[in-house]
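Below: one structure, written as structure tokens.
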Amino acid sequence: MDKGEMKAGAARVAINLEDVLPFDGFDALRHEIFARAFVVEGMGRRACILSLEVTSIAPALLVDLREVVKDVSNCDGAFSWVVPTHTFSAPHVRTPGHLADTDARDRNERYRAALIAATRAAVEQAVAGIRSVTLASAEGYCPVNVNRDIETPAGWWLGVDPKGFADHAMPVLVARDAEDGLVAMLATADVQSSVLDGSHDSQGKRLVSGDLFGFAAMALERELGGVVLLLPGAAGDQSPAERAVTVAFDSTGAKQTLDAHESGYRMLHRQGRAMSDALIEAVRAAREDDAIGVDARTVDVLLPAQTRADFCSLAPHRTYEFHAAGEQRTRVYLLRLGNVEFVGIQPEVSSSFGAAVRAARFCPVLFATLVNGGQKYLPAPDAYEKITYEAMNSGFAAGSHERLLQTILAALNAA
């Protein structure tokens, strides 16, 4: 490994669902889904970021995936990031004992094997394609995210609130080779990849899709070449402005769900195209970074914990009692590529959290969540007062937002 320059390789490999579907409530494929890998090295160190178009990654599967990354790229610990795009339009790998029959268990195992195979192939191809690169960064603008916490007659719930806080910053890192060709682009955005979440077509079928991030990444790859990794940012209280499925509650708490069916695909295309256009502008405006080197570390922190509400019981409430449950540990991943800082955490935080981290730094910061595991929500302080969905569905108690933010900023300042 040459210590005097930056090198990188990237690859995209389709996740083969041919022998998997139908499975986990999904009937067929609408859009192909992918594993994308970015391997970067400098000053004698190497890091790997793997992006998978899935909703989340269960702990046992995460161990297997990180072992593949280590085996192929020799990246481990803080230098290895495995991140789901958080599309809600892809199956989960389930615990076999929770599946009803042999066919479901077989499909589950084939799906797990498909994810591992795509991971291995993507990392292998990224390593094989490593070459000299220059890094550049830009601050893009995400045009599609909106705050999703709204007050209904029954209490706070999920919807669209254009007046609520939403950070539209979309930091971008670009790696170009000696011929000025795009090797890879990485970006974080405070929006869930959930335009099609829960939607069925007019025939009642639920179709697999990379959703917002998948559509935008493919559009960028067709336009610019290279490999595009879009990582979920501080999107715990954010949503796409348009979603195929909408939910409303009346004053009695009665729930009404509406599905736009095929019209949801038009919503996806509009927002995916708007996001990719904004990223293309950012790529073209990116400023070259002449710093070299790769560095990474982790920081563990204990945060106040609470008992999460049973998922099936979640609904708007005017009164609610949060129950303390000791402390919960979480891990922060800090990665530096040249002068660009990556901050990765496991829980889903509010958009204001990511904005606070970026505002405190003088260098570009890509803030990502669901890095090397998920821990549900870690909401903003006022979420507990409002009794939002995120607050009830969190294992972190009030005060966690402030303590985690202080820990991250102290760690960055001490670097």
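In the structure tokens, chains take the letters A, B, ... in the order shown, each chain's residues start at 1, and ligands count up from 1 in the order shown.
In the backbone-derived DSSP annotation, strand (DSSP E or B) within range 23-69 of chain A comprises Phe23, Phe26, Ala28, Leu29, Phe34, Ala35, Arg36, Ala37, Phe38, Val39, Val40, Glu41, Gly42, Arg45, Arg46, Ala47, Cys48, Ile49, Leu50, Ser51 and Leu52 of chain A.
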Applying 10 Å and only C-alpha atoms, which residues near Ser251 in chain A remain after dropping the ones on its own chain fewer than 5 positions away? List them as an mmCIF file with all heavy atoms, in the first residue's frame.
```
data_model
loop_
_atom_site.group_PDB
_atom_site.id
_atom_site.type_symbol
_atom_site.label_atom_id
_atom_site.label_comp_id
_atom_site.auth_asym_id
_atom_site.auth_seq_id
_atom_site.Cartn_x
_atom_site.Cartn_y
_atom_site.Cartn_z
ATOM 1 N N THR A 152 -52.268 15.375 15.887
ATOM 2 C CA THR A 152 -53.601 14.979 15.456
ATOM 3 C C THR A 152 -54.577 15.209 16.614
ATOM 4 O O THR A 152 -54.155 15.472 17.752
ATOM 5 C CB THR A 152 -53.628 13.493 15.046
ATOM 6 O OG1 THR A 152 -53.622 12.685 16.242
ATOM 7 C CG2 THR A 152 -52.432 13.130 14.186
ATOM 8 N N PRO A 153 -55.887 15.096 16.386
ATOM 9 C CA PRO A 153 -56.831 15.241 17.507
ATOM 10 C C PRO A 153 -56.569 14.255 18.643
ATOM 11 O O PRO A 153 -56.885 14.539 19.802
ATOM 12 C CB PRO A 153 -58.189 14.976 16.844
ATOM 13 C CG PRO A 153 -57.996 15.371 15.419
ATOM 14 C CD PRO A 153 -56.586 14.985 15.098
ATOM 15 N N ALA A 154 -55.981 13.106 18.323
ATOM 16 C CA ALA A 154 -55.748 12.072 19.333
ATOM 17 C C ALA A 154 -54.376 12.175 19.991
ATOM 18 O O ALA A 154 -54.099 11.469 20.966
ATOM 19 C CB ALA A 154 -55.906 10.698 18.697
ATOM 20 N N GLY A 155 -53.522 13.037 19.471
ATOM 21 C CA GLY A 155 -52.153 13.131 19.974
ATOM 22 C C GLY A 155 -51.176 13.202 18.812
ATOM 23 O O GLY A 155 -51.577 13.268 17.643
#
```
query: Skipping near chain neighbours, those fewer than 4 positions away, what residues fall within 9 Å of Val68 in chain A using only C-alpha atoms, listed as a ChimeraX atom specification?
result: /A:63-64,72-73,116,119-120,123
> If you count only C-alpha atoms, which residues fall within 7 Å of range 324-339 of chain A, apart from same-chain ones fewer than 5 positions away, as a PyMOL selection string?
Replying inline: chain A and resi 78+289+291-307+344-346+363+397
Report as a short mmCIF file (atom, residue, chain, number, x, y, z; two decimals) with N, CA, C and O atoms, in the first residue's frame all protein, DNA and RNA residues lying within 6 Å of range 229-232 of chain A, evaluated on only C-alpha atoms, omitting residues in the same chain fewer than 4 positions from it.
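Heads up, here's the output in out09.cif:
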```cif
data_model
loop_
_atom_site.label_atom_id
_atom_site.label_comp_id
_atom_site.auth_asym_id
_atom_site.auth_seq_id
_atom_site.Cartn_x
_atom_site.Cartn_y
_atom_site.Cartn_z
N THR A 85 -29.57 0.81 3.65
CA THR A 85 -30.12 2.06 3.14
C THR A 85 -31.44 2.40 3.83
O THR A 85 -31.94 3.51 3.71
N LEU A 186 -20.29 9.29 -2.20
CA LEU A 186 -20.98 8.94 -0.97
C LEU A 186 -21.71 10.17 -0.46
O LEU A 186 -21.18 11.29 -0.53
N ALA A 187 -22.92 9.98 0.04
CA ALA A 187 -23.68 11.10 0.58
C ALA A 187 -24.57 10.61 1.71
O ALA A 187 -24.94 9.43 1.77
N THR A 188 -24.90 11.51 2.62
CA THR A 188 -25.89 11.24 3.66
C THR A 188 -27.01 12.25 3.54
O THR A 188 -26.79 13.41 3.20
N ALA A 189 -28.23 11.81 3.82
CA ALA A 189 -29.39 12.69 3.74
C ALA A 189 -30.36 12.35 4.86
O ALA A 189 -30.57 11.17 5.17
N ALA A 368 -24.07 9.61 9.59
CA ALA A 368 -24.87 8.44 9.18
C ALA A 368 -25.40 7.71 10.41
O ALA A 368 -24.78 7.68 11.47
N THR A 369 -26.56 7.09 10.24
CA THR A 369 -27.15 6.27 11.29
C THR A 369 -27.26 4.81 10.82
O THR A 369 -27.02 4.51 9.66
#
```
The residue from A:Ala58, A:Ala114, A:Leu412, A:Ile280 with the smallest atom-to-atom distance to Ala35 in chain A, counting only C-alpha atoms, is A:Ala114
What parts of range 138-337 of chain A does DSSP call helix (DSSP H, G or I)? I'd like the answer as a VMD selection string.
chain A and resid 211 to 224 263 to 285 311 to 313
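Nearest residue to Asn145 in chain A among A:Leu212, A:Ile130, A:Ala90, A:Ile387 is A:Leu212, counting only C-alpha atoms.
Shortest separation to Gly225 in chain A among A:Asp180, A:Glu281, A:Asp250, A:Glu385 occurs at residue A:Asp180, atoms counted being only C-alpha atoms.
Residues lying within 12 Å of Arg358 in chain A, counting only C-alpha atoms and ignoring same-chain neighbours fewer than 4 positions away, are Glu139, Asp167, Ala169, Met170, Pro171, Thr188, Gly233, Ala234, Val340, Glu341, Phe342, Val343, Ser351, Ser352, Phe353, Gly354, Phe362, Cys363, Pro364, Val365, Leu366, Phe367, Ala368, Leu405, Ile408, Leu409 and Leu412 of chain A.
For the set A:Phe396, A:Ala282, A:Glu402, A:Leu158, the residue with the smallest atom-to-atom gap to Pro381 in chain A is A:Glu402, counting only C-alpha atoms.
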Nearest to Asp19 in chain A, restricted to only C-alpha atoms and choosing among A:Arg45, A:Arg222, A:Arg110, A:Arg66, comes out as A:Arg110
One residue among A:Arg30, A:Gln192, A:Glu348, A:Asp290 is nearest to Gly4 in chain A when using only C-alpha atoms, and that residue is A:Asp290
Name all residues at most 8 Å from His92 in chain A (count only C-alpha atoms; drop same-chain ones fewer than 6 positions away) and give them as a ChimeraX atom specification. /A:24,54-57
What separates CA of Tyr389 in chain A and CA of Gly210 in chain A is a distance of 24.5 Å
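Between CA of Gly226 in chain A and CA of Ala184 in chain A the separation is 5.1 Å.
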